[in-house]
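Okay, run-v3.cif now, which holds mmCIF, C-alpha atoms:
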```
data_run
loop_
_atom_site.label_atom_id
_atom_site.label_comp_id
_atom_site.auth_asym_id
_atom_site.auth_seq_id
_atom_site.Cartn_x
_atom_site.Cartn_y
_atom_site.Cartn_z
CA MET H 1 0.00 0.00 0.00
CA ASN H 2 1.44 3.40 -0.94
CA THR H 3 1.27 6.48 1.29
CA LYS H 4 -1.67 8.04 -0.58
CA GLU H 5 -3.67 4.82 -0.16
CA ILE H 6 -2.89 4.76 3.57
CA ALA H 7 -3.93 8.42 3.86
CA MET H 8 -7.21 7.66 2.05
CA LYS H 9 -7.91 4.67 4.32
CA ILE H 10 -7.31 6.86 7.38
CA ALA H 11 -9.67 9.49 5.98
CA ALA H 12 -12.34 6.88 5.20
CA ALA H 13 -12.08 5.37 8.71
CA ALA H 14 -12.42 8.84 10.22
CA SER H 15 -15.41 9.56 8.00
CA ASP H 16 -17.06 6.30 9.10
CA LYS H 17 -17.24 7.74 12.63
CA LYS H 18 -18.52 11.18 11.58
CA ALA H 19 -15.25 13.13 11.59
CA LYS H 20 -15.68 16.65 10.23
CA ASP H 21 -13.65 18.63 7.71
CA ILE H 22 -11.30 15.80 6.72
CA LEU H 23 -8.28 17.18 4.90
CA LEU H 24 -5.26 15.46 3.36
CA LEU H 25 -2.08 17.52 3.17
CA ASN H 26 0.57 16.26 0.76
CA MET H 27 3.82 16.86 2.65
CA GLU H 28 6.13 15.26 0.07
CA GLY H 29 9.04 17.60 -0.54
CA LEU H 30 8.01 19.85 2.37
CA SER H 31 8.70 17.61 5.35
CA PRO H 32 11.53 15.15 5.80
CA VAL H 33 9.41 13.38 8.42
CA THR H 34 6.22 12.33 6.61
CA ASP H 35 4.48 12.28 3.21
CA TYR H 36 0.89 13.00 4.31
CA TYR H 37 -1.01 14.57 7.14
CA VAL H 38 -4.64 13.60 7.52
CA ILE H 39 -6.43 16.21 9.64
CA CYS H 40 -9.99 15.97 10.94
CA SER H 41 -12.21 17.36 13.68
CA ALA H 42 -14.74 16.08 16.19
CA GLY H 43 -17.25 17.88 18.39
CA ASN H 44 -16.32 16.18 21.68
CA SER H 45 -13.52 14.15 23.27
CA THR H 46 -15.50 10.90 23.19
CA LEU H 47 -15.82 11.23 19.43
CA VAL H 48 -12.10 12.06 19.11
CA LYS H 49 -11.31 8.71 20.79
CA THR H 50 -13.92 6.86 18.73
CA ILE H 51 -12.42 8.19 15.48
CA ALA H 52 -8.86 7.34 16.61
CA ASP H 53 -9.95 3.83 17.62
CA ASN H 54 -11.66 3.24 14.28
CA ILE H 55 -8.60 4.40 12.34
CA GLU H 56 -6.41 2.00 14.33
CA ASP H 57 -8.91 -0.86 13.88
CA LYS H 58 -9.40 -0.39 10.13
CA LEU H 59 -5.70 -0.01 9.36
CA GLY H 60 -4.85 -2.86 11.72
CA GLU H 61 -7.10 -5.10 9.60
CA GLU H 62 -4.77 -4.23 6.70
CA GLY H 63 -1.66 -5.02 8.77
CA VAL H 64 -0.76 -1.34 9.17
CA PHE H 65 -0.08 -0.21 12.74
CA PRO H 66 0.94 3.15 14.21
CA THR H 67 4.52 3.51 15.39
CA HIS H 68 3.43 6.13 17.92
CA LYS H 69 0.22 7.49 19.46
CA GLU H 70 -0.10 10.71 21.46
CA GLY H 71 -2.86 12.62 23.19
CA TYR H 72 -5.33 9.77 23.59
CA ALA H 73 -5.83 10.21 27.36
CA ASP H 74 -6.85 13.89 27.03
CA ALA H 75 -8.54 13.35 23.65
CA ARG H 76 -8.19 16.98 22.61
CA TRP H 77 -5.67 16.26 19.84
CA VAL H 78 -4.83 12.64 19.09
CA LEU H 79 -1.87 12.00 16.83
CA LEU H 80 -1.46 8.59 15.19
CA ASP H 81 1.94 8.23 13.52
CA TYR H 82 2.05 5.69 10.72
CA GLY H 83 5.52 6.77 9.59
CA ASP H 84 4.91 8.23 6.15
CA VAL H 85 1.35 9.24 7.11
CA VAL H 86 0.32 11.03 10.31
CA ALA H 87 -3.31 11.34 11.41
CA HIS H 88 -4.37 14.33 13.52
CA ILE H 89 -7.77 14.04 15.19
CA PHE H 90 -8.73 17.34 16.84
CA LEU H 91 -11.47 18.72 18.99
CA GLU H 92 -12.85 21.53 16.84
CA GLU H 93 -11.52 24.32 19.10
CA GLU H 94 -8.05 22.72 19.24
CA ARG H 95 -7.92 22.51 15.46
CA ASP H 96 -8.84 26.18 15.20
CA PHE H 97 -6.15 27.08 17.74
CA TYR H 98 -3.27 25.07 16.23
CA ASN H 99 -4.35 25.69 12.62
CA LEU H 100 -2.06 23.15 10.93
CA GLU H 101 -3.60 24.01 7.58
CA GLN H 102 -2.19 27.53 7.86
CA LEU H 103 1.13 26.34 9.27
CA TRP H 104 1.56 24.07 6.24
CA ALA H 105 -0.18 26.37 3.73
CA ASP H 106 2.43 25.47 1.07
CA ALA H 107 1.30 21.84 1.11
CA PRO H 108 -1.13 20.79 -1.59
CA SER H 109 -4.39 19.92 0.16
CA GLU H 110 -7.33 17.77 -0.74
CA ALA H 111 -10.65 17.57 1.10
CA PHE H 112 -11.85 14.01 1.63
CA VAL H 113 -15.26 13.38 0.11
CA GLU H 114 -17.02 10.11 0.91
CA ASN H 115 -17.89 8.10 -2.18
CA GLU H 116 -21.68 8.02 -2.04
CA ASP H 117 -21.92 5.16 -4.57
CA GLU H 118 -20.66 2.63 -2.03
#
```
Now, as a test, write the supplied structure out as structure tokens.
Amino acid sequence: MNTKEIAMKIAAAASDKKAKDILLLNMEGLSPVTDYYVICSAGNSTLVKTIADNIEDKLGEEGVFPTHKEGYADARWVLLDYGDVVAHIFLEEERDFYNLEQLWADAPSEAFVENEDE
């Protein structure tokens, strides 16, 4: 599975649990650390955890596991590091505050849109 496919699977798993404003940032050539950021929001901390859990479950089914996880206990900003793809699951107000989209404004971005034909 290539990095774009992993990013899309993360976005789909987040969407399955009602994540909002799912955005993929292509970090290739901009960051030596990762190729994609997948950023999404949730309205409450329970939903942040639910989205993070679903991402881990769905990717785990594919044999893809995070190398690192941060922020799960507080569930305000959960980071799941899959090496070349990093998922950021934010409470809405945390996402507004940290504004990664603006920080990485040079990165090509793509909003995730659920395929309604499925």
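Taking CA of Glu114 (chain H) as the reference point, CA of Leu91 (chain H) is found at 20.8 Å.
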Please evaluate the PyMOL selection byres ((chain H and resi 18-29) around 6) against the displayed coordinates and give the resulting residues as a ChimeraX atom specification.
/H:14-17,30-31,35-42,107-112
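Comparing H:Val85, H:Met1, H:Ala73, H:Ala11 by their smallest distance to Ile55 (chain H), the closest is H:Ala11 (using only C-alpha atoms).
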Would you write out, as a PyMOL selection string, every residue that the PyMOL selection byres ((chain H and resi 82) around 12) captures in this file?
chain H and resi 2-3+6-7+9-10+33-38+55-56+59-60+63-69+79-81+83-88
Dump as an mmCIF file, in the coordinates of the input, selection limited to C-alpha atoms:
```cif
data_model
loop_
_atom_site.group_PDB
_atom_site.id
_atom_site.type_symbol
_atom_site.label_atom_id
_atom_site.label_comp_id
_atom_site.auth_asym_id
_atom_site.auth_seq_id
_atom_site.Cartn_x
_atom_site.Cartn_y
_atom_site.Cartn_z
ATOM 1 C CA ASN H 2 1.440 3.400 -0.940
ATOM 2 C CA THR H 3 1.270 6.480 1.290
ATOM 3 C CA ILE H 6 -2.890 4.760 3.570
ATOM 4 C CA ALA H 7 -3.930 8.420 3.860
ATOM 5 C CA LYS H 9 -7.910 4.670 4.320
ATOM 6 C CA ILE H 10 -7.310 6.860 7.380
ATOM 7 C CA VAL H 33 9.410 13.380 8.420
ATOM 8 C CA THR H 34 6.220 12.330 6.610
ATOM 9 C CA ASP H 35 4.480 12.280 3.210
ATOM 10 C CA TYR H 36 0.890 13.000 4.310
ATOM 11 C CA TYR H 37 -1.010 14.570 7.140
ATOM 12 C CA VAL H 38 -4.640 13.600 7.520
ATOM 13 C CA ILE H 55 -8.600 4.400 12.340
ATOM 14 C CA GLU H 56 -6.410 2.000 14.330
ATOM 15 C CA LEU H 59 -5.700 -0.010 9.360
ATOM 16 C CA GLY H 60 -4.850 -2.860 11.720
ATOM 17 C CA GLY H 63 -1.660 -5.020 8.770
ATOM 18 C CA VAL H 64 -0.760 -1.340 9.170
ATOM 19 C CA PHE H 65 -0.080 -0.210 12.740
ATOM 20 C CA PRO H 66 0.940 3.150 14.210
ATOM 21 C CA THR H 67 4.520 3.510 15.390
ATOM 22 C CA HIS H 68 3.430 6.130 17.920
ATOM 23 C CA LYS H 69 0.220 7.490 19.460
ATOM 24 C CA LEU H 79 -1.870 12.000 16.830
ATOM 25 C CA LEU H 80 -1.460 8.590 15.190
ATOM 26 C CA ASP H 81 1.940 8.230 13.520
ATOM 27 C CA GLY H 83 5.520 6.770 9.590
ATOM 28 C CA ASP H 84 4.910 8.230 6.150
ATOM 29 C CA VAL H 85 1.350 9.240 7.110
ATOM 30 C CA VAL H 86 0.320 11.030 10.310
ATOM 31 C CA ALA H 87 -3.310 11.340 11.410
ATOM 32 C CA HIS H 88 -4.370 14.330 13.520
#
```
Quick one, how far is CA of Trp104 (chain H) from CA of Asp57 (chain H)?
28.1 Å
Once you count all atoms listed in the file, which residues end up no further than 12 Å from (-5.8, 5.6, 26.9) in the file's frame, shown as a list in words?
Thr46, Val48, Lys49, Thr50, Ala52, Asp53, Lys69, Glu70, Gly71, Tyr72, Ala73, Asp74, Ala75 and Val78 of chain H
Take the residues that were just selected and, keeping C-alpha atoms, output them as a CSV table (one decimal), in the coordinates of the input.
```csv
chain,number,residue,atom,x,y,z
H,46,THR,CA,-15.5,10.9,23.2
H,48,VAL,CA,-12.1,12.1,19.1
H,49,LYS,CA,-11.3,8.7,20.8
H,50,THR,CA,-13.9,6.9,18.7
H,52,ALA,CA,-8.9,7.3,16.6
H,53,ASP,CA,-10.0,3.8,17.6
H,69,LYS,CA,0.2,7.5,19.5
H,70,GLU,CA,-0.1,10.7,21.5
H,71,GLY,CA,-2.9,12.6,23.2
H,72,TYR,CA,-5.3,9.8,23.6
H,73,ALA,CA,-5.8,10.2,27.4
H,74,ASP,CA,-6.8,13.9,27.0
H,75,ALA,CA,-8.5,13.4,23.6
H,78,VAL,CA,-4.8,12.6,19.1
```
Can you tell me how far CA of Ala12 (chain H) sits from CA of Lys58 (chain H), in Å to one decimal?
9.3 Å
Return the single residue from H:Ala105, H:Asn44, H:Val113, H:Glu61 that is closest to Phe90 (chain H), with distances computed using all atoms listed in the file.
H:Asn44
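With only C-alpha atoms as the basis for measurement, H:Ser45 is the residue among H:Asn54, H:Ser45, H:Glu62, H:Asp106 that approaches Glu94 (chain H) most closely.
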